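Content type mmCIF, C-alpha atoms, from the file entry25.cif:
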data_input
loop_
_atom_site.label_atom_id
_atom_site.label_comp_id
_atom_site.auth_asym_id
_atom_site.auth_seq_id
_atom_site.Cartn_x
_atom_site.Cartn_y
_atom_site.Cartn_z
CA MET A 1 -25.22 -21.77 -6.55
CA SER A 2 -22.89 -19.22 -5.02
CA LEU A 3 -22.41 -16.55 -2.39
CA LYS A 4 -22.60 -13.29 -4.20
CA CYS A 5 -22.47 -9.61 -3.36
CA GLU A 6 -23.42 -6.92 -5.82
CA HIS A 7 -22.63 -3.21 -5.79
CA ILE A 8 -21.89 -3.15 -2.08
CA VAL A 9 -21.23 0.27 -0.62
CA LYS A 10 -20.40 0.78 3.03
CA THR A 11 -20.06 4.22 4.51
CA TYR A 12 -18.73 4.86 8.00
CA SER A 13 -19.06 8.46 9.19
CA GLY A 14 -18.93 9.90 5.71
CA ARG A 15 -16.08 7.70 4.51
CA ASP A 16 -16.68 5.02 1.86
CA VAL A 17 -15.01 1.91 3.23
CA LEU A 18 -16.36 -0.20 0.36
CA GLN A 19 -17.16 1.34 -3.00
CA ASP A 20 -19.31 -0.66 -5.40
CA VAL A 21 -17.89 -4.08 -4.53
CA SER A 22 -19.22 -7.06 -6.50
CA VAL A 23 -17.72 -10.51 -5.90
CA GLU A 24 -18.97 -14.03 -6.42
CA PHE A 25 -17.79 -17.02 -4.37
CA GLN A 26 -18.42 -20.33 -6.13
CA PRO A 27 -19.02 -23.46 -4.06
CA GLY A 28 -16.19 -25.91 -3.50
CA LYS A 29 -13.26 -23.55 -3.74
CA ILE A 30 -10.73 -21.94 -1.42
CA TYR A 31 -10.61 -18.17 -1.84
CA GLY A 32 -8.03 -15.77 -0.54
CA LEU A 33 -9.11 -12.26 0.33
CA ILE A 34 -6.08 -10.03 0.45
CA GLY A 35 -5.60 -6.34 0.90
CA ARG A 36 -3.67 -3.85 2.97
CA ASN A 37 -4.76 -2.75 6.42
CA GLY A 38 -7.91 -0.69 6.04
CA ALA A 39 -8.69 -2.03 2.56
CA GLY A 40 -12.13 -3.16 3.76
CA LYS A 41 -11.62 -6.92 4.14
CA THR A 42 -13.25 -7.41 7.52
CA THR A 43 -16.11 -5.09 6.57
CA LEU A 44 -16.76 -7.09 3.41
CA LEU A 45 -16.68 -10.42 5.27
CA SER A 46 -19.10 -9.13 7.90
CA ILE A 47 -21.48 -7.78 5.24
CA LEU A 48 -21.36 -11.09 3.32
CA THR A 49 -22.55 -12.88 6.45
CA ALA A 50 -25.16 -10.27 7.43
CA GLN A 51 -23.36 -9.32 10.63
CA ASN A 52 -23.17 -5.77 9.38
CA PRO A 53 -25.67 -3.97 7.13
CA ALA A 54 -24.45 -2.58 3.81
CA SER A 55 -25.18 1.06 3.01
CA ALA A 56 -26.18 -0.09 -0.47
CA GLY A 57 -26.08 -3.28 -2.54
CA THR A 58 -27.23 -6.86 -2.02
CA VAL A 59 -25.81 -10.13 -0.76
CA THR A 60 -27.39 -13.36 -1.97
CA LEU A 61 -26.77 -17.05 -1.33
CA ASP A 62 -27.99 -19.30 -4.14
CA GLY A 63 -30.13 -16.40 -5.34
CA GLU A 64 -31.79 -15.67 -1.99
CA LYS A 65 -31.14 -12.53 0.02
CA VAL A 66 -28.99 -13.29 3.07
CA TRP A 67 -30.14 -10.45 5.34
CA GLU A 68 -32.51 -11.73 8.06
CA ASN A 69 -32.84 -15.03 6.21
CA ARG A 70 -32.34 -17.88 8.65
CA SER A 71 -32.03 -20.67 6.10
CA ALA A 72 -29.30 -18.77 4.23
CA LEU A 73 -27.47 -17.75 7.41
CA GLU A 74 -27.30 -21.37 8.56
CA LYS A 75 -25.08 -22.09 5.57
CA LEU A 76 -22.64 -19.31 6.48
CA CYS A 77 -20.01 -19.12 9.17
CA PHE A 78 -17.93 -16.01 9.75
CA SER A 79 -15.17 -16.72 12.20
CA ARG A 80 -13.94 -13.28 13.09
CA GLU A 81 -10.92 -12.33 15.13
CA ILE A 82 -11.61 -12.55 18.84
CA SER A 83 -10.43 -9.73 21.01
CA GLY A 84 -9.54 -10.52 24.58
CA SER A 85 -9.82 -6.90 25.65
CA ALA A 86 -12.33 -5.95 28.35
CA GLU A 87 -14.43 -3.88 25.89
CA SER A 88 -15.11 -6.95 23.74
CA GLY A 89 -17.64 -8.09 26.35
CA ILE A 90 -16.54 -11.72 26.23
CA SER A 91 -13.21 -11.39 28.02
CA ALA A 92 -14.65 -12.95 31.20
CA MET A 93 -16.03 -15.93 29.28
CA LYS A 94 -14.13 -19.21 29.34
CA VAL A 95 -13.12 -20.65 25.95
CA LYS A 96 -15.18 -23.72 26.85
CA GLU A 97 -18.28 -21.54 27.22
CA TYR A 98 -17.59 -19.71 23.99
CA LEU A 99 -17.33 -22.99 22.06
CA ARG A 100 -20.44 -24.36 23.77
CA ILE A 101 -22.46 -21.35 22.64
CA ALA A 102 -21.09 -21.73 19.12
CA SER A 103 -21.98 -25.43 19.14
CA THR A 104 -25.62 -24.64 19.90
CA TYR A 105 -25.74 -21.98 17.19
CA TYR A 106 -24.30 -24.13 14.40
CA GLU A 107 -26.56 -27.04 13.65
CA HIS A 108 -23.86 -29.35 12.26
CA TRP A 109 -21.22 -28.64 14.92
CA ASP A 110 -18.58 -31.39 15.00
CA LYS A 111 -17.94 -32.15 18.67
CA ALA A 112 -15.34 -34.84 17.97
CA LEU A 113 -13.34 -32.47 15.77
CA GLU A 114 -13.57 -29.79 18.47
CA LYS A 115 -11.99 -32.16 20.98
CA LYS A 116 -9.32 -33.22 18.53
CA LEU A 117 -8.36 -29.62 17.75
CA VAL A 118 -8.37 -28.49 21.39
CA ASP A 119 -5.95 -31.35 22.13
CA LEU A 120 -3.82 -30.65 19.06
CA PHE A 121 -3.46 -26.96 19.90
CA GLN A 122 -3.07 -27.75 23.62
CA LEU A 123 -5.64 -25.10 24.36
CA ASP A 124 -6.60 -24.47 27.98
CA VAL A 125 -10.37 -24.16 27.52
CA LYS A 126 -10.95 -23.42 31.19
CA LYS A 127 -9.03 -20.18 30.93
CA LYS A 128 -10.96 -16.99 30.26
CA ILE A 129 -10.78 -15.35 26.83
CA GLY A 130 -9.25 -12.24 28.37
CA LYS A 131 -6.37 -14.35 29.74
CA GLN A 132 -5.58 -16.13 26.45
CA SER A 133 -2.68 -15.08 24.24
CA LYS A 134 -3.29 -13.77 20.72
CA GLY A 135 -2.15 -17.11 19.28
CA MET A 136 -4.55 -19.04 21.50
CA LEU A 137 -7.41 -16.81 20.37
CA SER A 138 -6.49 -17.44 16.73
CA MET A 139 -6.77 -21.15 17.50
CA VAL A 140 -10.26 -20.61 18.91
CA THR A 141 -11.36 -18.87 15.69
CA ILE A 142 -9.93 -21.78 13.67
CA ILE A 143 -11.74 -24.34 15.82
CA LEU A 144 -14.99 -22.43 15.36
CA ALA A 145 -14.55 -22.20 11.58
CA LEU A 146 -13.70 -25.88 11.12
CA CYS A 147 -16.21 -27.36 13.59
CA ALA A 148 -19.18 -25.27 12.43
CA LYS A 149 -19.19 -27.29 9.19
CA ALA A 150 -20.93 -24.49 7.34
CA PRO A 151 -20.97 -24.83 3.52
CA TYR A 152 -19.48 -21.32 3.28
CA THR A 153 -16.84 -20.55 5.90
CA LEU A 154 -15.21 -17.14 6.09
CA LEU A 155 -12.09 -16.69 8.21
CA ASP A 156 -10.70 -13.30 9.10
CA GLU A 157 -6.95 -13.42 9.68
CA PRO A 158 -6.99 -16.96 11.12
CA VAL A 159 -3.21 -17.20 11.40
CA ALA A 160 -2.47 -13.68 12.66
CA GLY A 161 -1.23 -14.65 16.11
CA LEU A 162 0.11 -18.11 15.32
CA ASP A 163 3.72 -19.25 15.26
CA VAL A 164 5.03 -20.94 12.13
CA VAL A 165 4.41 -24.50 13.38
CA ALA A 166 0.80 -23.73 14.28
CA ARG A 167 0.30 -21.99 10.93
CA GLU A 168 1.52 -25.12 9.12
CA GLN A 169 -0.89 -27.15 11.24
CA PHE A 170 -3.72 -24.86 10.23
CA TYR A 171 -2.95 -25.14 6.50
CA LYS A 172 -2.92 -28.94 6.78
CA LEU A 173 -6.15 -28.97 8.78
CA LEU A 174 -7.78 -26.71 6.24
CA LEU A 175 -6.75 -29.06 3.44
CA ASP A 176 -7.98 -32.10 5.38
CA GLU A 177 -11.34 -30.46 5.87
CA TYR A 178 -11.52 -29.17 2.32
CA THR A 179 -10.61 -32.47 0.66
CA ALA A 180 -13.01 -34.35 2.92
CA THR A 181 -16.02 -32.05 2.52
CA GLY A 182 -15.46 -29.72 -0.44
CA ARG A 183 -16.72 -26.79 1.63
CA THR A 184 -16.07 -23.25 0.43
CA PHE A 185 -13.51 -21.26 2.38
CA VAL A 186 -12.81 -17.54 2.16
CA ILE A 187 -9.66 -16.64 4.04
CA SER A 188 -8.28 -13.19 4.62
CA THR A 189 -4.59 -13.10 5.43
CA HIS A 190 -1.53 -10.91 5.46
CA ILE A 191 0.81 -13.90 5.32
CA ILE A 192 0.37 -14.18 1.58
CA GLU A 193 3.50 -16.11 0.70
CA GLU A 194 2.49 -19.07 2.86
CA ALA A 195 -1.18 -19.16 1.98
CA ALA A 196 -0.81 -18.55 -1.78
CA PRO A 197 -0.40 -22.21 -2.85
CA LEU A 198 -3.65 -23.07 -1.05
CA LEU A 199 -5.72 -20.39 -2.72
CA GLU A 200 -7.38 -21.51 -5.92
CA GLU A 201 -8.97 -18.10 -6.34
CA ILE A 202 -8.03 -14.68 -5.07
CA VAL A 203 -9.78 -11.40 -4.49
CA ILE A 204 -7.57 -8.37 -3.97
CA LEU A 205 -9.27 -5.45 -2.26
CA HIS A 206 -7.57 -2.10 -2.56
CA GLU A 207 -8.88 1.09 -1.02
CA GLY A 208 -12.43 -0.26 -0.86
CA LYS A 209 -12.54 -1.60 -4.42
CA VAL A 210 -11.96 -4.97 -6.02
CA LEU A 211 -8.63 -4.71 -7.82
CA VAL A 212 -8.28 -8.36 -8.87
CA GLU A 213 -10.74 -11.25 -8.87
CA GLY A 214 -9.99 -14.64 -10.41
CA ASN A 215 -7.95 -17.80 -10.53
CA THR A 216 -4.66 -17.32 -8.68
CA GLN A 217 -2.48 -19.04 -11.28
CA GLU A 218 -4.12 -17.24 -14.19
CA PHE A 219 -3.59 -13.92 -12.42
CA LEU A 220 0.08 -14.70 -11.78
CA ASP A 221 0.52 -15.68 -15.42
CA THR A 222 -0.33 -12.08 -16.34
CA MET A 223 2.56 -10.70 -14.29
CA ALA A 224 6.32 -10.89 -14.57
CA TYR A 225 9.46 -9.33 -13.18
CA VAL A 226 11.78 -7.90 -15.82
CA SER A 227 15.32 -6.83 -14.97
CA GLY A 228 18.47 -5.76 -16.75
CA ARG A 229 20.11 -2.60 -18.08
CA ASP A 230 17.65 0.29 -17.72
CA ALA A 231 17.38 1.07 -21.44
CA ASP A 232 16.84 -2.61 -22.30
CA VAL A 233 14.17 -2.99 -19.62
CA ASP A 234 12.40 0.14 -20.88
CA ALA A 235 12.51 -1.15 -24.47
CA ALA A 236 11.36 -4.67 -23.55
CA THR A 237 8.41 -3.34 -21.56
CA ALA A 238 7.46 -0.39 -23.80
CA GLY A 239 3.68 0.07 -23.91
CA LEU A 240 3.09 -2.28 -20.95
CA GLU A 241 1.62 -1.46 -17.56
CA VAL A 242 4.63 -1.19 -15.29
CA HIS A 243 4.63 -1.25 -11.49
CA HIS A 244 7.13 -1.05 -8.70
CA THR A 245 10.21 0.18 -10.52
CA GLU A 246 13.49 -0.30 -8.73
CA THR A 247 16.80 1.01 -9.98
CA VAL A 248 20.38 0.51 -8.85
CA GLY A 249 22.79 2.45 -10.99
CA ARG A 250 22.20 1.37 -14.62
CA SER A 251 20.29 -1.66 -13.49
CA LYS A 252 16.52 -1.67 -13.36
CA GLY A 253 13.80 -4.06 -12.30
CA VAL A 254 10.08 -3.64 -12.96
CA THR A 255 6.96 -5.71 -12.41
CA VAL A 256 4.71 -5.73 -15.47
CA PHE A 257 1.02 -6.49 -15.68
CA LEU A 258 0.15 -7.95 -19.07
CA ARG A 259 -3.28 -7.35 -20.54
CA PRO A 260 -4.67 -9.96 -22.96
CA GLY A 261 -2.55 -10.12 -26.11
CA GLN A 262 0.35 -8.17 -24.62
CA ARG A 263 3.80 -9.67 -24.20
CA ILE A 264 7.29 -8.73 -23.12
CA ASN A 265 9.69 -8.12 -25.99
CA GLU A 266 12.31 -10.74 -25.20
CA SER A 267 14.57 -9.79 -28.07
CA TYR A 268 16.22 -7.39 -25.63
CA ASP A 269 18.84 -8.64 -23.21
CA VAL A 270 16.68 -8.82 -20.09
CA THR A 271 15.85 -11.43 -17.46
CA VAL A 272 12.18 -12.32 -17.13
CA GLN A 273 11.09 -14.07 -13.95
CA PRO A 274 7.72 -15.15 -12.60
CA VAL A 275 6.40 -13.25 -9.61
CA SER A 276 4.85 -14.74 -6.49
CA LEU A 277 1.43 -13.64 -5.26
CA GLN A 278 3.08 -11.60 -2.54
CA GLN A 279 5.38 -9.84 -5.01
CA ALA A 280 2.43 -9.18 -7.34
CA PHE A 281 0.39 -7.80 -4.46
CA VAL A 282 3.15 -5.48 -3.29
CA ALA A 283 3.70 -4.29 -6.88
CA LEU A 284 0.02 -3.48 -7.38
CA CYS A 285 -0.96 -2.22 -3.94
CA GLY A 286 2.32 -0.87 -2.58
CA GLU A 287 2.56 2.07 -4.92
CA GLY A 288 3.14 5.39 -3.32
CA GLU A 289 5.42 3.60 -0.88
CA LYS A 290 8.60 5.19 -2.16
CA HIS A 291 11.82 3.80 -0.87
CA GLU A 292 15.42 4.62 -1.51
CA ALA A 293 17.48 2.00 -3.24
CA MET B 1 23.50 -12.34 -21.23
CA VAL B 2 24.21 -9.32 -19.12
CA ASN B 3 22.28 -9.66 -15.90
CA TYR B 4 22.54 -7.45 -12.90
CA THR B 5 21.81 -9.89 -10.18
CA SER B 6 21.34 -7.10 -7.65
CA ASN B 7 17.84 -6.51 -8.93
CA GLU B 8 16.73 -10.11 -9.11
CA PRO B 9 14.77 -11.57 -6.23
CA PRO B 10 16.96 -14.14 -4.50
CA ASN B 11 16.30 -17.72 -5.42
CA ARG B 12 17.18 -19.45 -2.20
CA ALA B 13 14.65 -22.23 -2.64
CA ALA B 14 16.25 -23.25 -5.93
CA ASP B 15 19.75 -23.02 -4.44
CA ALA B 16 18.74 -25.31 -1.63
CA ALA B 17 17.18 -27.75 -4.08
CA GLN B 18 20.57 -28.02 -5.83
CA ILE B 19 22.17 -29.22 -2.63
CA ARG B 20 19.43 -31.67 -1.85
CA LYS B 21 19.21 -33.49 -5.18
CA LYS B 22 19.05 -36.98 -3.73
CA GLY B 23 16.33 -39.50 -3.13
CA SER B 24 12.75 -39.21 -4.20
CA ALA B 25 11.86 -36.28 -6.41
CA ILE B 26 8.34 -36.29 -5.05
CA ASN B 27 9.89 -35.31 -1.76
CA GLU B 28 11.68 -32.34 -3.25
CA ARG B 29 10.71 -28.85 -2.14
CA LEU B 30 8.83 -26.47 -4.37
CA THR B 31 10.51 -23.36 -5.73
CA GLU B 32 8.92 -20.04 -6.60
CA GLN B 33 10.56 -19.81 -9.98
CA LYS B 34 8.08 -22.01 -11.78
CA SER B 35 4.33 -22.63 -11.60
CA ILE B 36 3.56 -25.23 -8.97
CA TYR B 37 1.54 -27.47 -11.28
CA LEU B 38 4.49 -27.76 -13.67
CA GLN B 39 6.75 -28.71 -10.77
CA ILE B 40 4.30 -31.38 -9.61
CA GLY B 41 4.35 -32.92 -13.09
CA GLU B 42 8.15 -32.82 -13.25
CA MET B 43 8.57 -34.39 -9.83
CA ILE B 44 6.37 -37.33 -10.77
CA GLU B 45 8.32 -37.68 -14.03
CA THR B 46 11.63 -37.65 -12.18
CA ASP B 47 10.39 -40.40 -9.86
CA ILE B 48 9.41 -42.47 -12.88
CA LEU B 49 12.82 -41.87 -14.51
CA ARG B 50 14.62 -42.97 -11.36
CA GLY B 51 12.49 -46.05 -10.93
CA ILE B 52 10.95 -44.79 -7.70
CA LEU B 53 7.58 -45.10 -9.41
CA LEU B 54 7.27 -48.11 -11.69
CA GLU B 55 5.11 -48.58 -14.76
CA GLU B 56 1.60 -49.83 -13.97
CA GLU B 57 2.06 -48.60 -10.40
CA GLN B 58 -0.38 -46.22 -8.76
CA VAL B 59 0.81 -42.63 -8.20
CA PRO B 60 -0.23 -40.58 -5.14
CA SER B 61 -3.73 -39.11 -5.41
CA THR B 62 -4.22 -35.40 -5.95
CA ASN B 63 -5.42 -35.09 -2.35
CA GLU B 64 -2.27 -36.83 -1.11
CA LEU B 65 -0.08 -34.57 -3.25
CA ALA B 66 -2.03 -31.52 -2.03
CA LYS B 67 -1.38 -32.43 1.60
CA LEU B 68 2.26 -33.34 0.97
CA TYR B 69 3.05 -29.92 -0.53
CA THR B 70 0.31 -27.94 1.25
CA ILE B 71 -1.15 -26.80 -2.04
CA ASN B 72 -4.66 -26.59 -3.42
CA PRO B 73 -5.85 -29.97 -4.77
CA ALA B 74 -6.87 -28.25 -8.02
CA THR B 75 -3.21 -27.32 -8.58
CA ALA B 76 -2.08 -30.90 -7.95
CA ALA B 77 -4.80 -32.14 -10.32
CA LYS B 78 -3.59 -29.77 -13.02
CA GLY B 79 -0.04 -31.13 -12.75
CA VAL B 80 -1.26 -34.73 -12.90
CA GLY B 81 -3.58 -33.80 -15.77
CA LEU B 82 -0.60 -32.63 -17.84
CA LEU B 83 0.96 -36.09 -17.56
CA VAL B 84 -2.33 -37.77 -18.44
CA ASP B 85 -2.53 -35.61 -21.59
CA GLU B 86 0.97 -36.72 -22.55
CA GLY B 87 0.16 -40.40 -22.00
CA ILE B 88 2.63 -40.71 -19.10
CA LEU B 89 -0.13 -41.45 -16.58
CA TYR B 90 -3.53 -42.98 -17.14
CA LYS B 91 -6.68 -43.08 -15.10
CA ARG B 92 -8.31 -46.24 -13.82
CA ARG B 93 -11.86 -45.31 -13.15
CA GLY B 94 -12.70 -45.31 -9.46
CA ILE B 95 -9.19 -46.33 -8.43
CA GLY B 96 -6.78 -43.57 -9.35
CA MET B 97 -3.86 -42.63 -11.55
CA PHE B 98 -1.28 -45.14 -12.77
CA VAL B 99 2.03 -44.95 -14.60
CA ALA B 100 1.42 -45.87 -18.22
CA PRO B 101 3.43 -48.62 -19.91
CA GLY B 102 6.28 -47.00 -21.84
CA ALA B 103 6.10 -43.87 -19.64
CA ARG B 104 9.78 -43.97 -18.76
CA ASP B 105 10.80 -44.02 -22.44
CA LYS B 106 8.43 -41.19 -23.19
CA ILE B 107 9.90 -39.03 -20.45
CA LEU B 108 13.44 -39.87 -21.60
CA GLN B 109 12.60 -38.84 -25.17
CA LYS B 110 10.94 -35.64 -24.00
CA ARG B 111 13.77 -34.61 -21.69
CA ARG B 112 16.42 -35.46 -24.29
CA ALA B 113 14.57 -33.34 -26.83
CA ALA B 114 14.50 -30.44 -24.38
CA PHE B 115 18.08 -30.94 -23.16
CA ALA B 116 19.69 -28.48 -25.59
CA ALA B 117 17.20 -25.71 -24.88
CA ASN B 118 17.04 -26.26 -21.11
CA HIS B 119 20.67 -26.97 -20.32
CA ILE B 120 23.04 -26.22 -23.21
CA ALA B 121 21.60 -22.81 -24.11
CA PRO B 122 22.07 -21.35 -20.61
CA LEU B 123 25.53 -22.97 -20.42
CA LEU B 124 26.54 -21.29 -23.68
CA ALA B 125 25.06 -17.96 -22.60
CA GLU B 126 27.11 -18.05 -19.39
CA ALA B 127 30.23 -19.13 -21.31
CA ARG B 128 29.76 -16.25 -23.75
CA SER B 129 29.41 -13.65 -21.02
CA LEU B 130 32.55 -15.01 -19.34
CA GLY B 131 34.48 -15.03 -22.62
CA ILE B 132 34.99 -18.80 -22.58
CA THR B 133 35.64 -19.98 -26.13
CA ARG B 134 33.99 -22.93 -27.79
CA ASP B 135 37.25 -24.92 -27.68
CA GLU B 136 37.78 -24.16 -24.01
CA LEU B 137 34.25 -25.26 -23.27
CA LEU B 138 34.63 -28.51 -25.21
CA GLU B 139 37.88 -29.17 -23.40
CA MET B 140 36.17 -28.66 -20.03
CA ILE B 141 33.42 -31.05 -21.00
CA GLY B 142 35.98 -33.57 -22.21
CA GLU B 143 37.76 -33.41 -18.84
CA THR B 144 34.56 -33.84 -16.85
CA GLU B 145 33.36 -37.32 -16.11
CA LEU B 146 29.78 -38.04 -17.15
#

How does the structure come out when it is put into structure tokens?
Amino acid sequence: MSLKCEHIVKTYSGRDVLQDVSVEFQPGKIYGLIGRNGAGKTTLLSILTAQNPASAGTVTLDGEKVWENRSALEKLCFSREISGSAESGISAMKVKEYLRIASTYYEHWDKALEKKLVDLFQLDVKKKIGKQSKGMLSMVTIILALCAKAPYTLLDEPVAGLDVVAREQFYKLLLDEYTATGRTFVISTHIIEEAAPLLEEIVILHEGKVLVEGNTQEFLDTMAYVSGRDADVDAATAGLEVHHTETVGRSKGVTVFLRPGQRINESYDVTVQPVSLQQAFVALCGEGEKHEA
Amino acid sequence: MVNYTSNEPPNRAADAAQIRKKGSAINERLTEQKSIYLQIGEMIETDILRGILLEEEQVPSTNELAKLYTINPATAAKGVGLLVDEGILYKRRGIGMFVAPGARDKILQKRRAAFAANHIAPLLAEARSLGITRDELLEMIGETEL
């Protein structure tokens, strides 16, 4: 029982957007999908839900191929970002219409929840999609994701346009829904710091490949920030995989990634601190981004 | 310890927590400096120590804790599980988690045992780097009301 993709390759005009991506999403968990702009997150989510064909590889739900498989697709909901621009083709549609169409598509649509959320977000459903703000459109994608009641729900940047109060509301709503139903959620986000405590599992995509896949806490336990006098830091972290070195005079700070069995030599006079998911992500995926101290 | 604070990520959450050390520990804010599940366990312990949660009383469910802190319920369950393993909480099947009899004493013993490592060692390290002598330190402690 899981949503699984194996050896997915996606090529757009000669460029490999996804290169041999294999990920498994177990039921009953909240996953975070994180990666930089252009890492391939949206492409992966759309391939997982058969909205986009893969160039190679397979997607299965509980062992059955997802592509053109109605019974599998009914268990999946991909709530993608809505664009209000004229080219999107739905800019003239009222939000009310959009939600009505969604409600006929998703068999288990929760009408009462839809009403509750529209009221909570104070959404003007009579206004056309093209006239809604970015935040309002984020709310529409959240309403779709929560009301569809699909066993596997994938959200692409659900909080992108939301202010901090609305984001907090979303996290609470997500938890309400998750604790009540145990549905699986896959959430892509750039606001890592806020979402991290909600994510039991994480997948980090980097340049079209899976860089990290696993339990969030276990992943963070393999990383640490070591700082102190440069020579001491070098000695304490000798032989370890070091990322994101920062120096100020004789002082140095590095983020280390510990492989099984490796540890920091704490006999040197250094400070060792845990890193947050955001700090770990920046350390692993922000390389090449040189900056002056 | 020689630490160049310039390179350490700021710890504002922890600073704020210092100011706000009043009332229920369960209502404290989380910091980034420690795994969340450990903090959940410690907050429940602190509430038991302060008599906010009494022995044989039910503690908030993992779902309630998850919503309170906006964290994954699995993380809350891990924190509660630690206390169950230590005999501080126990499970009543189909009802929930309760504070075990003798839990307060157990927490007191545990925290006393860890007091030197958690509080005196960093105090001495700071004193050493400031050049405060043992006698000066003892004198300061003597002058400070407990």

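Evaluated against the shown file, the PyMOL selection byres ((chain A) within 6 of (chain B)) gives Pro197, Leu198, Gly228 and Gly253 of chain A.
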
Item to complete: Please write the residues picked by the PyMOL selection byres ((chain B and resi 51) around 12) on this file as a list in words.
Response: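 Taken over the shown coordinates, the PyMOL selection byres ((chain B and resi 51) around 12) returns Gly23, Ser24, Ala25, Ile44, Glu45, Thr46, Asp47, Ile48, Leu49, Arg50, Ile52, Leu53, Leu54, Glu55, Glu56, Glu57, Val99, Ala103, Arg104 and Asp105 of chain B.
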
Worksheet item: Could you spell out the hits of the PyMOL selection byres ((chain A and resi 208) around 8) on the shown file, as a list in words?
Response: Asp16, Val17, Leu18, Gln19, Val21, Ala39, Gly40, Leu205, His206, Glu207, Lys209 and Val210 of chain A

Practice prompt. Tell me which protein, DNA and RNA residues are within 8 Å of Ala280 of chain A, counting only C-alpha atoms, leaving out same-chain ones fewer than 5 positions away, and put them as a count of residues only.
Written response: 4

Worksheet item: Of the candidates A:Lys149, A:Lys96, A:Arg229, A:Arg70, which shows the shortest atom-to-atom distance to Trp109 of chain A, using only C-alpha atoms?
Response: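 Looking only at the distances to Trp109 of chain A, the closest residue turns out to be A:Lys149.
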
Worksheet item: Using only C-alpha atoms, which residue out of B:Ile107, B:Leu65, B:Ala116, B:Ile40 lies closest to Gly87 of chain B?
Response: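 Smallest distance to Gly87 of chain B is found for B:Ile107.
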
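Interatomic distance, atom CA of Gly214 of chain A against atom CA of Gln278 of chain A: 15.6 Å.
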
Fill in: Residue contacts of Ser138 of chain A (10 Å, all atoms listed in the file) excluding same-chain residues fewer than 3 positions away, as a PyMOL selection string
chain A and resi 79-83+132-135+141-144+156-162+166

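Picture a line from atom CA of Gly81 of chain B to atom CA of Gln58 of chain B; it runs 14.6 Å.
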
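Here atom CA of Lys111 of chain A is placed at a distance of 28.8 Å from atom CA of Glu200 of chain A.
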
Size and centre in Å, one decimal, axis-aligned box, all listed segment 77-96 of chain A atoms plus 6 Å per side, as AutoDock Vina command-line options:
--center_x -14.8 --center_y -13.8 --center_z 20.2 --size_x 22.5 --size_y 31.8 --size_z 34.0

Item to complete: Mind checking which residues fall within 12 Å of Ala195 of chain A, counting all atoms listed in the file, ignoring those fewer than 2 positions away in the same chain, and posting them as a PyMOL selection string?
Response: (chain A and resi 30-34+157-159+167-168+170-172+174-175+186-193+197-202+216+276-278) or (chain B and resi 69-72)

Discussion item. When you look at segment 234-236 of chain A with a cut-off of 6 Å (counting all atoms listed in the file), what residues show up, excluding the ones that are within fewer than 5 positions of it in the same chain? I need them as a list in words.
Written reply: Ile264, Asn265 and Tyr268 of chain A

Discussion item. Counting all atoms listed in the file, which residue out of A:Lys10, A:His243, A:Lys29, A:Lys131 sits closest to Val95 of chain A?
Written reply: A:Lys131
